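A.B. asks: Contents of my_file.csv (CSV, C-alpha atoms and all ligand atoms) are below:
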chain,number,residue,atom,x,y,z
A,1,MET,CA,0.0,0.0,0.0
A,2,LEU,CA,1.3,3.4,-0.9
A,3,GLU,CA,1.8,6.0,1.9
A,4,LEU,CA,1.6,9.7,1.5
A,5,TYR,CA,3.1,11.9,4.3
A,6,GLY,CA,1.8,15.4,4.4
A,7,HIS,CA,-0.7,17.8,5.8
A,8,PRO,CA,-4.2,18.6,4.5
A,9,PHE,CA,-3.5,22.4,4.5
A,10,SER,CA,-0.2,22.1,2.6
A,11,SER,CA,-0.3,23.2,-1.0
A,12,TYR,CA,2.4,20.8,-2.1
A,13,THR,CA,0.6,17.9,-0.3
A,14,TRP,CA,-2.6,18.9,-2.4
A,15,LYS,CA,-0.5,18.6,-5.5
A,16,ALA,CA,0.2,14.9,-4.9
A,17,LEU,CA,-3.2,14.2,-3.4
A,18,ILE,CA,-5.0,15.6,-6.5
A,19,ALA,CA,-3.1,13.0,-8.7
A,20,LEU,CA,-3.9,10.2,-6.2
A,21,TYR,CA,-7.6,11.1,-6.0
A,22,ALA,CA,-7.8,11.6,-9.8
A,23,ASN,CA,-6.8,8.0,-10.4
A,24,GLU,CA,-8.5,6.7,-7.3
A,25,THR,CA,-5.2,5.2,-6.3
A,26,PRO,CA,-5.4,3.5,-2.9
A,27,PHE,CA,-3.0,4.9,-0.3
A,28,THR,CA,-2.7,5.6,3.4
A,29,PHE,CA,-2.4,9.2,4.4
A,30,ARG,CA,0.2,9.8,7.1
A,31,MET,CA,-0.8,13.1,8.6
A,32,LEU,CA,2.0,15.3,10.0
A,33,ASP,CA,-0.1,16.8,12.8
A,34,GLY,CA,2.3,16.3,15.7
A,35,GLN,CA,0.5,13.1,16.9
A,36,ASN,CA,3.1,10.8,15.4
A,37,PRO,CA,6.7,11.9,15.8
A,38,GLU,CA,7.9,8.9,13.7
A,39,PHE,CA,6.1,10.4,10.7
A,40,TYR,CA,8.1,13.6,11.1
A,41,ALA,CA,11.3,11.6,11.5
A,42,LYS,CA,10.7,9.8,8.3
A,43,VAL,CA,10.0,13.0,6.4
A,44,GLN,CA,13.0,14.7,7.9
A,45,ALA,CA,15.4,11.9,6.9
A,46,ALA,CA,14.1,11.5,3.4
A,47,SER,CA,15.1,14.8,1.7
A,48,PRO,CA,17.7,17.6,2.3
A,49,MET,CA,15.2,20.0,3.9
A,50,GLY,CA,12.8,17.4,5.2
A,51,LYS,CA,9.9,18.9,3.2
A,52,PHE,CA,6.6,17.2,2.4
A,53,PRO,CA,4.9,15.5,0.7
A,54,LEU,CA,6.8,12.3,0.8
A,55,LEU,CA,5.5,9.2,-1.1
A,56,VAL,CA,6.5,5.8,0.2
A,57,ASP,CA,6.0,2.7,-2.0
A,58,GLY,CA,7.6,-0.3,-0.2
A,59,GLU,CA,11.3,0.4,-0.2
A,60,THR,CA,11.0,3.4,-2.6
A,61,GLN,CA,10.7,6.9,-1.2
A,62,VAL,CA,9.9,9.8,-3.5
A,63,PHE,CA,10.0,13.5,-2.5
A,64,GLU,CA,9.2,16.6,-4.5
A,65,ALA,CA,5.6,16.7,-5.6
A,66,SER,CA,6.4,16.8,-9.3
A,67,ALA,CA,8.5,13.7,-8.9
A,68,ILE,CA,5.8,12.0,-7.0
A,69,ILE,CA,3.3,12.6,-9.8
A,70,GLU,CA,5.9,11.3,-12.4
A,71,TYR,CA,6.3,8.2,-10.2
A,72,LEU,CA,2.5,7.7,-10.0
A,73,ALA,CA,2.1,8.1,-13.7
A,74,LEU,CA,4.7,5.5,-14.4
A,75,HIS,CA,4.1,2.9,-11.6
A,76,HIS,CA,0.4,3.5,-10.6
A,77,PRO,CA,-1.3,4.7,-13.8
A,78,GLY,CA,-5.0,5.2,-14.1
A,79,PRO,CA,-7.5,7.1,-16.3
A,80,ALA,CA,-6.1,10.5,-15.5
A,81,PRO,CA,-3.3,11.3,-18.0
A,82,LEU,CA,-1.0,12.8,-15.5
A,83,ILE,CA,2.0,13.0,-17.9
A,84,PRO,CA,1.1,13.0,-21.7
A,85,ALA,CA,2.4,10.0,-23.6
A,86,ASP,CA,3.7,12.2,-26.4
A,87,PRO,CA,7.2,13.2,-25.4
A,88,ASP,CA,6.9,16.8,-26.8
A,89,ALA,CA,3.6,17.3,-25.0
A,90,ALA,CA,5.2,15.9,-21.9
A,91,ILE,CA,8.0,18.5,-22.1
A,92,ARG,CA,5.4,21.3,-22.4
A,93,THR,CA,3.5,19.9,-19.4
A,94,ARG,CA,6.7,19.8,-17.3
A,95,MET,CA,7.6,23.3,-18.4
A,96,ILE,CA,4.2,24.7,-17.3
A,97,ASP,CA,4.5,22.7,-14.0
A,98,ARG,CA,7.7,24.7,-13.3
A,99,VAL,CA,5.8,28.0,-14.0
A,100,PHE,CA,3.3,27.2,-11.2
A,101,ASP,CA,6.0,26.1,-8.7
A,102,ASN,CA,8.6,28.8,-9.4
A,103,TYR,CA,6.5,31.8,-10.3
A,104,VAL,CA,3.2,31.3,-8.5
A,105,MET,CA,3.9,29.2,-5.5
A,106,ASN,CA,7.3,30.7,-4.7
A,107,ALA,CA,6.1,34.2,-5.1
A,108,MET,CA,3.2,33.7,-2.9
A,109,GLN,CA,5.4,31.9,-0.3
A,110,GLU,CA,7.5,35.1,0.1
A,111,SER,CA,4.5,36.9,1.6
A,112,VAL,CA,3.5,33.9,3.7
A,113,ASP,CA,7.1,33.5,5.0
A,114,GLU,CA,7.3,37.1,5.9
A,115,ALA,CA,3.9,36.9,7.7
A,116,ILE,CA,5.2,33.9,9.7
A,117,ARG,CA,8.4,35.8,10.7
A,118,ARG,CA,6.8,39.2,11.5
A,119,GLY,CA,3.1,38.6,11.9
A,120,SER,CA,2.3,40.3,8.6
A,121,ALA,CA,3.9,41.0,5.2
A,122,SER,CA,5.6,44.4,5.0
A,123,ASP,CA,4.4,46.8,2.3
A,124,GLU,CA,7.7,46.4,0.5
A,125,VAL,CA,7.4,42.6,0.4
A,126,GLN,CA,3.8,42.7,-0.6
A,127,LYS,CA,4.5,45.1,-3.4
A,128,ARG,CA,7.3,42.9,-4.8
A,129,VAL,CA,5.0,39.8,-4.5
A,130,ASP,CA,2.1,41.6,-6.2
A,131,GLU,CA,4.4,42.6,-9.1
A,132,ARG,CA,5.7,39.1,-9.6
A,133,LEU,CA,2.3,37.4,-9.3
A,134,LEU,CA,0.5,40.0,-11.5
A,135,ARG,CA,3.2,39.5,-14.2
A,136,THR,CA,2.8,35.7,-14.0
A,137,TYR,CA,-1.0,35.9,-13.9
A,138,ARG,CA,-0.9,37.9,-17.2
A,139,TRP,CA,1.5,35.4,-18.7
A,140,ILE,CA,-0.9,32.5,-17.7
A,141,GLU,CA,-3.9,34.5,-19.1
A,142,ASN,CA,-2.2,34.5,-22.5
A,143,TRP,CA,-1.0,30.9,-22.3
A,144,LEU,CA,-4.6,29.8,-21.5
A,145,GLY,CA,-5.6,31.0,-24.9
A,146,ASP,CA,-3.9,28.0,-26.4
A,147,TYR,CA,-4.6,25.5,-23.6
A,148,SER,CA,-7.6,23.3,-23.1
A,149,ALA,CA,-7.6,20.2,-21.0
A,150,GLY,CA,-11.3,20.1,-20.3
A,151,ASP,CA,-11.9,18.1,-17.1
A,152,ALA,CA,-8.7,16.1,-17.6
A,153,ILE,CA,-6.2,16.1,-14.7
A,154,THR,CA,-2.5,16.3,-15.7
A,155,LEU,CA,0.6,17.5,-13.9
A,156,ILE,CA,-0.5,21.0,-14.9
A,157,GLU,CA,-3.8,20.8,-13.0
A,158,CYS,CA,-2.1,19.2,-10.0
A,159,ALA,CA,0.4,22.2,-9.9
A,160,ALA,CA,-2.1,24.9,-10.9
A,161,ALA,CA,-4.9,24.2,-8.5
A,162,PRO,CA,-3.2,24.6,-5.2
A,163,SER,CA,-0.9,27.4,-6.3
A,164,LEU,CA,-3.7,29.5,-7.7
A,165,PHE,CA,-6.0,28.7,-4.8
A,166,TYR,CA,-3.5,30.2,-2.3
A,167,ALA,CA,-1.9,32.8,-4.6
A,168,ASP,CA,-5.3,34.5,-5.1
A,169,TRP,CA,-5.6,34.9,-1.4
A,170,VAL,CA,-2.3,36.8,-1.4
A,171,THR,CA,-2.7,38.8,-4.6
A,172,ARG,CA,-6.2,38.7,-6.1
A,173,ILE,CA,-6.3,37.7,-9.8
A,174,PRO,CA,-7.3,40.9,-11.5
A,175,GLU,CA,-10.4,41.4,-13.6
A,176,ASP,CA,-8.3,41.8,-16.7
A,177,CYS,CA,-7.4,38.1,-16.5
A,178,PRO,CA,-10.9,36.6,-17.1
A,179,ASN,CA,-9.6,33.3,-18.5
A,180,LEU,CA,-7.4,32.8,-15.5
A,181,ARG,CA,-10.2,33.7,-13.0
A,182,ALA,CA,-12.6,31.2,-14.8
A,183,TRP,CA,-9.9,28.5,-15.0
A,184,ARG,CA,-9.2,28.9,-11.2
A,185,ALA,CA,-12.9,28.4,-10.6
A,186,HIS,CA,-13.0,25.4,-12.9
A,187,LEU,CA,-10.0,23.8,-11.2
A,188,LEU,CA,-11.5,24.3,-7.7
A,189,ALA,CA,-14.7,22.6,-8.8
A,190,LEU,CA,-12.9,19.4,-10.0
A,191,PRO,CA,-13.8,16.7,-7.6
A,192,PRO,CA,-10.1,15.8,-6.6
A,193,VAL,CA,-9.5,19.5,-5.9
A,194,SER,CA,-12.7,20.2,-4.0
A,195,ARG,CA,-12.0,17.2,-1.8
A,196,CYS,CA,-8.6,18.8,-0.9
A,197,ILE,CA,-10.3,22.2,-0.3
A,198,GLU,CA,-12.9,20.6,2.1
A,199,ASP,CA,-10.3,18.6,4.0
A,200,ALA,CA,-8.2,21.7,4.5
A,201,ARG,CA,-11.1,23.9,5.6
A,202,PRO,CA,-10.7,23.2,9.3
A,203,PHE,CA,-7.1,24.6,9.2
A,204,ARG,CA,-7.8,27.9,7.5
A,205,ALA,CA,-7.3,29.9,10.6
A,206,TYR,CA,-3.6,28.9,10.4
A,207,PHE,CA,-3.1,30.8,7.1
A,208,PRO,CA,-0.5,33.3,8.2
A,209,LEU,CA,-1.9,36.3,6.3
A,210,GLY,CA,-5.5,35.5,7.3
A,211,ALA,CA,-7.8,33.5,5.1
A,212,PRO,CA,-10.4,35.5,3.1
A,213,ASP,CA,-14.1,34.6,3.6
A,214,ARG,CA,-14.5,32.8,0.2
A,215,ASP,CA,-13.7,29.7,-1.7
A,301,LIG,N1,9.8,21.7,-3.7
A,301,LIG,C1,9.0,20.9,-2.7
A,301,LIG,C2,8.4,21.9,-1.8
A,301,LIG,C3,7.6,21.2,-0.7
A,301,LIG,C4,7.2,22.2,0.4
A,301,LIG,O1,7.6,23.4,0.5
A,301,LIG,N2,6.5,21.7,1.4
A,301,LIG,C5,6.1,22.5,2.5
A,301,LIG,C6,4.6,22.2,2.9
A,301,LIG,S1,3.6,22.9,1.6
A,301,LIG,C7,6.9,22.0,3.7
A,301,LIG,O2,7.5,21.0,3.7
A,301,LIG,N3,6.9,22.9,4.8
A,301,LIG,C8,7.6,22.5,6.0
A,301,LIG,C9,9.0,22.9,6.0
A,301,LIG,O3,9.5,23.7,5.1
A,301,LIG,O4,9.7,22.6,6.9
A,301,LIG,C10,8.0,20.1,-3.5
A,301,LIG,O5,7.7,20.3,-4.7
A,301,LIG,O6,7.5,19.1,-2.9
Could you show the structure in this file as structure tokens?
C.D. replies:
Amino acid sequence: MLELYGHPFSSYTWKALIALYANETPFTFRMLDGQNPEFYAKVQAASPMGKFPLLVDGETQVFEASAIIEYLALHHPGPAPLIPADPDAAIRTRMIDRVFDNYVMNAMQESVDEAIRRGSASDEVQKRVDERLLRTYRWIENWLGDYSAGDAITLIECAAAPSLFYADWVTRIPEDCPNLRAWRAHLLALPPVSRCIEDARPFRAYFPLGAPDRD
């Protein structure tokens, strides 16, 4: 039985969970909630910074959410085309996955980290984050003109849903990005994503910048 170590409020845990849920892959969730110190010990030992999620499949341990999805696509495939079979399409999918981790998730995280350190994000940090996120939002808005996956769940949806869910709480997607606003709403309504949202709801009070009263 596969094991996934993570936390229901963690965006990168969602990224792996969405892939597991999309293919109805059986797994045991090992929740990092302080109740089981041995879960933390396992995660700490597995990767350089002890980050989660961590997937364990017998003797195999996989960290980095994108690598977990690659592993699931290869060893536990299901109806959801997590990684396209066509090699060129797969390269494009991996490239867009990097956009969400590097330019959405990381930008948002700067405000969150500052809020954890100081209690709130300074105007200077928030301005820098706003600039980075708005530039990325506009790039995605354009990219969406050529993208249509329908209800399919690939690595792109796994990366996009959690990063856009939380980034919009930090820097609202503006009205001049209607495709992106609609796509975020579409992603949040996909059953594997809405399941993550509901399971995370009890933890919203922990969002360091304060969770808005929506979604
Ligand atoms: N690059 C990693 C990032 C994982 C990450 O940042 N996980 C966060 C939770 S969302 C974490 O482990 N936080 C605890 C820590 O940094 O100690 C991935 O893609 O899996």
A.B. asks: If we count all atoms listed in the file and set the cut-off at 9 Å, which residues sit around Pro174 of chain A, ignoring sequence neighbours fewer than 3 positions away in its own chain? Please answer as a PyMOL selection string.
C.D. replies: chain A and resi 134+137+171+177-178+181
A.B. asks: Got a sec: who's within 12 Å of Trp183 of chain A, counting only C-alpha atoms, leaving out chain neighbours fewer than 3 positions off, as an NGL selection string?
C.D. replies: :A and (137 or 140-141 or 143-145 or 147-151 or 157 or 160-161 or 164-165 or 173 or 177-180 or 186-190)
A.B. asks: Find the residue from A:Gly119, A:Pro81, A:Gly58, A:Pro162 that sits nearest to ligand LIG 301 (chain A); use only C-alpha atoms and all ligand atoms when measuring.
C.D. replies: A:Pro162
A.B. asks: Write out as a CSV table (one decimal) with C-alpha atoms, keeping the file's coordinate frame which residues come within 8 Å of segment 41-51 of chain A when counting all atoms listed in the file, dropping same-chain ones fewer than 4 positions away.
C.D. replies:
chain,number,residue,atom,x,y,z
A,5,TYR,CA,3.1,11.9,4.3
A,37,PRO,CA,6.7,11.9,15.8
A,61,GLN,CA,10.7,6.9,-1.2
A,63,PHE,CA,10.0,13.5,-2.5
A.B. asks: Any idea what the distance is between atom CA of Leu209 of chain A and atom CA of Val125 of chain A?
C.D. replies: 12.7 Å
A.B. asks: For a test of reading the model, state the distance in Å between atom CA of Pro208 of chain A and atom CA of Ala115 of chain A, rounded to one decimal.
C.D. replies: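 That distance, rounded to one decimal, is 5.7 Å.
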A.B. asks: With only C-alpha atoms as the basis for distance, which of A:Ile153, A:Ile91, A:Leu2, A:Ile96 is at the shortest distance from Val62 of chain A?
C.D. replies: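 When distances to Val62 of chain A are compared using only C-alpha atoms, the smallest one comes from A:Leu2.
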A.B. asks: Just checking: using only C-alpha atoms and all ligand atoms, which residue out of A:Met105, A:Ala121, A:Met95, A:Ala167 ends up closest to ligand LIG 301 (chain A)?
C.D. replies: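 Answer, going by the shortest atom-to-atom distance: A:Met105.
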A.B. asks: Compare A:Tyr21, A:Phe27, A:Tyr206, A:Tyr12 by their minimum atom-to-atom distance to ligand LIG 301 (chain A), counting all atoms listed in the file, and give me the closest one.
C.D. replies: A:Tyr12
A.B. asks: Return as JSON, numbers by chain the residues of protein, DNA or RNA that approach ligand LIG 301 (chain A) to within 9 Å, with all atoms listed in the file taken into account.
C.D. replies: {"A": [6, 7, 9, 10, 11, 12, 13, 14, 15, 16, 43, 44, 49, 50, 51, 52, 53, 54, 63, 64, 65, 66, 67, 68, 101, 106, 109]}
A.B. asks: Using atom CA of Pro191 of chain A and atom CA of Ser163 of chain A as the two end points, give the distance in Å to one decimal.
C.D. replies: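 Value for the atom CA of Pro191 of chain A-atom CA of Ser163 of chain A distance: 16.8 Å.
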A.B. asks: For Arg204 of chain A, find every residue with an atom within 12 Å (counting only C-alpha atoms), except residues of its own chain fewer than 3 positions away, and show them as an mmCIF file with C-alpha atoms, keeping the file's coordinate frame.
C.D. replies:
data_model
loop_
_atom_site.group_PDB
_atom_site.id
_atom_site.type_symbol
_atom_site.label_atom_id
_atom_site.label_comp_id
_atom_site.auth_asym_id
_atom_site.auth_seq_id
_atom_site.Cartn_x
_atom_site.Cartn_y
_atom_site.Cartn_z
ATOM 1 C CA PRO A 8 -4.200 18.600 4.500
ATOM 2 C CA PHE A 9 -3.500 22.400 4.500
ATOM 3 C CA SER A 10 -0.200 22.100 2.600
ATOM 4 C CA TYR A 166 -3.500 30.200 -2.300
ATOM 5 C CA TRP A 169 -5.600 34.900 -1.400
ATOM 6 C CA ILE A 197 -10.300 22.200 -0.300
ATOM 7 C CA GLU A 198 -12.900 20.600 2.100
ATOM 8 C CA ASP A 199 -10.300 18.600 4.000
ATOM 9 C CA ALA A 200 -8.200 21.700 4.500
ATOM 10 C CA ARG A 201 -11.100 23.900 5.600
ATOM 11 C CA PHE A 207 -3.100 30.800 7.100
ATOM 12 C CA PRO A 208 -0.500 33.300 8.200
ATOM 13 C CA LEU A 209 -1.900 36.300 6.300
ATOM 14 C CA GLY A 210 -5.500 35.500 7.300
ATOM 15 C CA ALA A 211 -7.800 33.500 5.100
ATOM 16 C CA PRO A 212 -10.400 35.500 3.100
ATOM 17 C CA ASP A 213 -14.100 34.600 3.600
ATOM 18 C CA ARG A 214 -14.500 32.800 0.200
ATOM 19 C CA ASP A 215 -13.700 29.700 -1.700
#
A.B. asks: The residues within 12 Å of (0.2, -1.8, 0.8), using only C-alpha atoms and the coordinates of the file, should be reported as number ranges by chain; which are they?
C.D. replies: A: 1-4, 25-29, 56-59
A.B. asks: Regenerate segment 36-70 of chain A at the level of N, CA and C atoms and dump it as a PDB file, in the frame of the given file.
C.D. replies:
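out_6.pdb, freshly written:
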ATOM      1  N   ASN A  36       2.197  11.907  15.631  1.00  0.00           N
ATOM      2  CA  ASN A  36       3.100  10.800  15.400  1.00  0.00           C
ATOM      3  C   ASN A  36       4.480  11.218  15.030  1.00  0.00           C
ATOM      4  N   PRO A  37       5.316  11.380  16.030  1.00  0.00           N
ATOM      5  CA  PRO A  37       6.700  11.900  15.800  1.00  0.00           C
ATOM      6  C   PRO A  37       7.444  11.044  14.773  1.00  0.00           C
ATOM      7  N   GLU A  38       7.112   9.770  14.682  1.00  0.00           N
ATOM      8  CA  GLU A  38       7.900   8.900  13.700  1.00  0.00           C
ATOM      9  C   GLU A  38       7.554   9.309  12.277  1.00  0.00           C
ATOM     10  N   PHE A  39       6.380   9.898  12.032  1.00  0.00           N
ATOM     11  CA  PHE A  39       6.100  10.400  10.700  1.00  0.00           C
ATOM     12  C   PHE A  39       7.021  11.541  10.321  1.00  0.00           C
ATOM     13  N   TYR A  40       7.182  12.450  11.279  1.00  0.00           N
ATOM     14  CA  TYR A  40       8.100  13.600  11.100  1.00  0.00           C
ATOM     15  C   TYR A  40       9.509  13.095  10.833  1.00  0.00           C
ATOM     16  N   ALA A  41       9.912  12.138  11.648  1.00  0.00           N
ATOM     17  CA  ALA A  41      11.300  11.600  11.500  1.00  0.00           C
ATOM     18  C   ALA A  41      11.529  11.066  10.151  1.00  0.00           C
ATOM     19  N   LYS A  42      10.551  10.364   9.637  1.00  0.00           N
ATOM     20  CA  LYS A  42      10.700   9.800   8.300  1.00  0.00           C
ATOM     21  C   LYS A  42      10.842  10.860   7.240  1.00  0.00           C
ATOM     22  N   VAL A  43      10.005  11.879   7.340  1.00  0.00           N
ATOM     23  CA  VAL A  43      10.000  13.000   6.400  1.00  0.00           C
ATOM     24  C   VAL A  43      11.360  13.738   6.472  1.00  0.00           C
ATOM     25  N   GLN A  44      11.792  13.983   7.702  1.00  0.00           N
ATOM     26  CA  GLN A  44      13.000  14.700   7.900  1.00  0.00           C
ATOM     27  C   GLN A  44      14.228  14.006   7.310  1.00  0.00           C
ATOM     28  N   ALA A  45      14.213  12.686   7.412  1.00  0.00           N
ATOM     29  CA  ALA A  45      15.400  11.900   6.900  1.00  0.00           C
ATOM     30  C   ALA A  45      15.354  11.717   5.419  1.00  0.00           C
ATOM     31  N   ALA A  46      14.195  11.909   4.796  1.00  0.00           N
ATOM     32  CA  ALA A  46      14.100  11.500   3.400  1.00  0.00           C
ATOM     33  C   ALA A  46      14.695  12.492   2.408  1.00  0.00           C
ATOM     34  N   SER A  47      14.679  13.792   2.724  1.00  0.00           N
ATOM     35  CA  SER A  47      15.100  14.800   1.700  1.00  0.00           C
ATOM     36  C   SER A  47      15.986  15.834   2.412  1.00  0.00           C
ATOM     37  N   PRO A  48      16.716  16.630   1.632  1.00  0.00           N
ATOM     38  CA  PRO A  48      17.700  17.600   2.300  1.00  0.00           C
ATOM     39  C   PRO A  48      17.036  18.508   3.269  1.00  0.00           C
ATOM     40  N   MET A  49      15.837  19.027   2.977  1.00  0.00           N
ATOM     41  CA  MET A  49      15.200  20.000   3.900  1.00  0.00           C
ATOM     42  C   MET A  49      14.044  19.395   4.646  1.00  0.00           C
ATOM     43  N   GLY A  50      13.834  18.106   4.500  1.00  0.00           N
ATOM     44  CA  GLY A  50      12.800  17.400   5.200  1.00  0.00           C
ATOM     45  C   GLY A  50      11.383  17.984   4.884  1.00  0.00           C
ATOM     46  N   LYS A  51      11.199  18.324   3.621  1.00  0.00           N
ATOM     47  CA  LYS A  51       9.900  18.900   3.200  1.00  0.00           C
ATOM     48  C   LYS A  51       8.911  17.793   2.834  1.00  0.00           C
ATOM     49  N   PHE A  52       7.660  18.128   2.835  1.00  0.00           N
ATOM     50  CA  PHE A  52       6.600  17.200   2.400  1.00  0.00           C
ATOM     51  C   PHE A  52       5.831  17.804   1.279  1.00  0.00           C
ATOM     52  N   PRO A  53       5.190  16.943   0.451  1.00  0.00           N
ATOM     53  CA  PRO A  53       4.900  15.500   0.700  1.00  0.00           C
ATOM     54  C   PRO A  53       6.024  14.602   0.429  1.00  0.00           C
ATOM     55  N   LEU A  54       5.859  13.403   0.998  1.00  0.00           N
ATOM     56  CA  LEU A  54       6.800  12.300   0.800  1.00  0.00           C
ATOM     57  C   LEU A  54       5.892  11.079   0.417  1.00  0.00           C
ATOM     58  N   LEU A  55       6.240  10.422  -0.689  1.00  0.00           N
ATOM     59  CA  LEU A  55       5.500   9.200  -1.100  1.00  0.00           C
ATOM     60  C   LEU A  55       6.391   8.011  -0.739  1.00  0.00           C
ATOM     61  N   VAL A  56       5.810   7.010  -0.108  1.00  0.00           N
ATOM     62  CA  VAL A  56       6.500   5.800   0.200  1.00  0.00           C
ATOM     63  C   VAL A  56       5.815   4.619  -0.466  1.00  0.00           C
ATOM     64  N   ASP A  57       6.574   3.874  -1.267  1.00  0.00           N
ATOM     65  CA  ASP A  57       6.000   2.700  -2.000  1.00  0.00           C
ATOM     66  C   ASP A  57       6.961   1.545  -1.664  1.00  0.00           C
ATOM     67  N   GLY A  58       6.670   0.815  -0.599  1.00  0.00           N
ATOM     68  CA  GLY A  58       7.600  -0.300  -0.200  1.00  0.00           C
ATOM     69  C   GLY A  58       8.930   0.329   0.188  1.00  0.00           C
ATOM     70  N   GLU A  59       9.971  -0.091  -0.507  1.00  0.00           N
ATOM     71  CA  GLU A  59      11.300   0.400  -0.200  1.00  0.00           C
ATOM     72  C   GLU A  59      11.610   1.744  -0.885  1.00  0.00           C
ATOM     73  N   THR A  60      10.727   2.166  -1.772  1.00  0.00           N
ATOM     74  CA  THR A  60      11.000   3.400  -2.600  1.00  0.00           C
ATOM     75  C   THR A  60      10.400   4.607  -1.876  1.00  0.00           C
ATOM     76  N   GLN A  61      11.226   5.645  -1.750  1.00  0.00           N
ATOM     77  CA  GLN A  61      10.700   6.900  -1.200  1.00  0.00           C
ATOM     78  C   GLN A  61      10.889   7.977  -2.307  1.00  0.00           C
ATOM     79  N   VAL A  62       9.843   8.747  -2.525  1.00  0.00           N
ATOM     80  CA  VAL A  62       9.900   9.800  -3.500  1.00  0.00           C
ATOM     81  C   VAL A  62       9.482  11.118  -2.880  1.00  0.00           C
ATOM     82  N   PHE A  63      10.372  12.122  -2.973  1.00  0.00           N
ATOM     83  CA  PHE A  63      10.000  13.500  -2.500  1.00  0.00           C
ATOM     84  C   PHE A  63      10.010  14.411  -3.683  1.00  0.00           C
ATOM     85  N   GLU A  64       9.530  15.629  -3.493  1.00  0.00           N
ATOM     86  CA  GLU A  64       9.200  16.600  -4.500  1.00  0.00           C
ATOM     87  C   GLU A  64       7.931  16.216  -5.220  1.00  0.00           C
ATOM     88  N   ALA A  65       6.925  17.079  -5.072  1.00  0.00           N
ATOM     89  CA  ALA A  65       5.600  16.700  -5.600  1.00  0.00           C
ATOM     90  C   ALA A  65       5.566  16.397  -7.042  1.00  0.00           C
ATOM     91  N   SER A  66       6.356  17.114  -7.841  1.00  0.00           N
ATOM     92  CA  SER A  66       6.400  16.800  -9.300  1.00  0.00           C
ATOM     93  C   SER A  66       6.916  15.405  -9.526  1.00  0.00           C
ATOM     94  N   ALA A  67       7.960  15.041  -8.791  1.00  0.00           N
ATOM     95  CA  ALA A  67       8.500  13.700  -8.900  1.00  0.00           C
ATOM     96  C   ALA A  67       7.555  12.633  -8.483  1.00  0.00           C
ATOM     97  N   ILE A  68       6.792  12.947  -7.452  1.00  0.00           N
ATOM     98  CA  ILE A  68       5.800  12.000  -7.000  1.00  0.00           C
ATOM     99  C   ILE A  68       4.749  11.739  -8.087  1.00  0.00           C
ATOM    100  N   ILE A  69       4.344  12.804  -8.767  1.00  0.00           N
ATOM    101  CA  ILE A  69       3.300  12.600  -9.800  1.00  0.00           C
ATOM    102  C   ILE A  69       3.951  11.856 -11.010  1.00  0.00           C
ATOM    103  N   GLU A  70       5.211  12.120 -11.326  1.00  0.00           N
ATOM    104  CA  GLU A  70       5.900  11.300 -12.400  1.00  0.00           C
ATOM    105  C   GLU A  70       5.905   9.847 -11.973  1.00  0.00           C
TER     106      GLU A  70
END
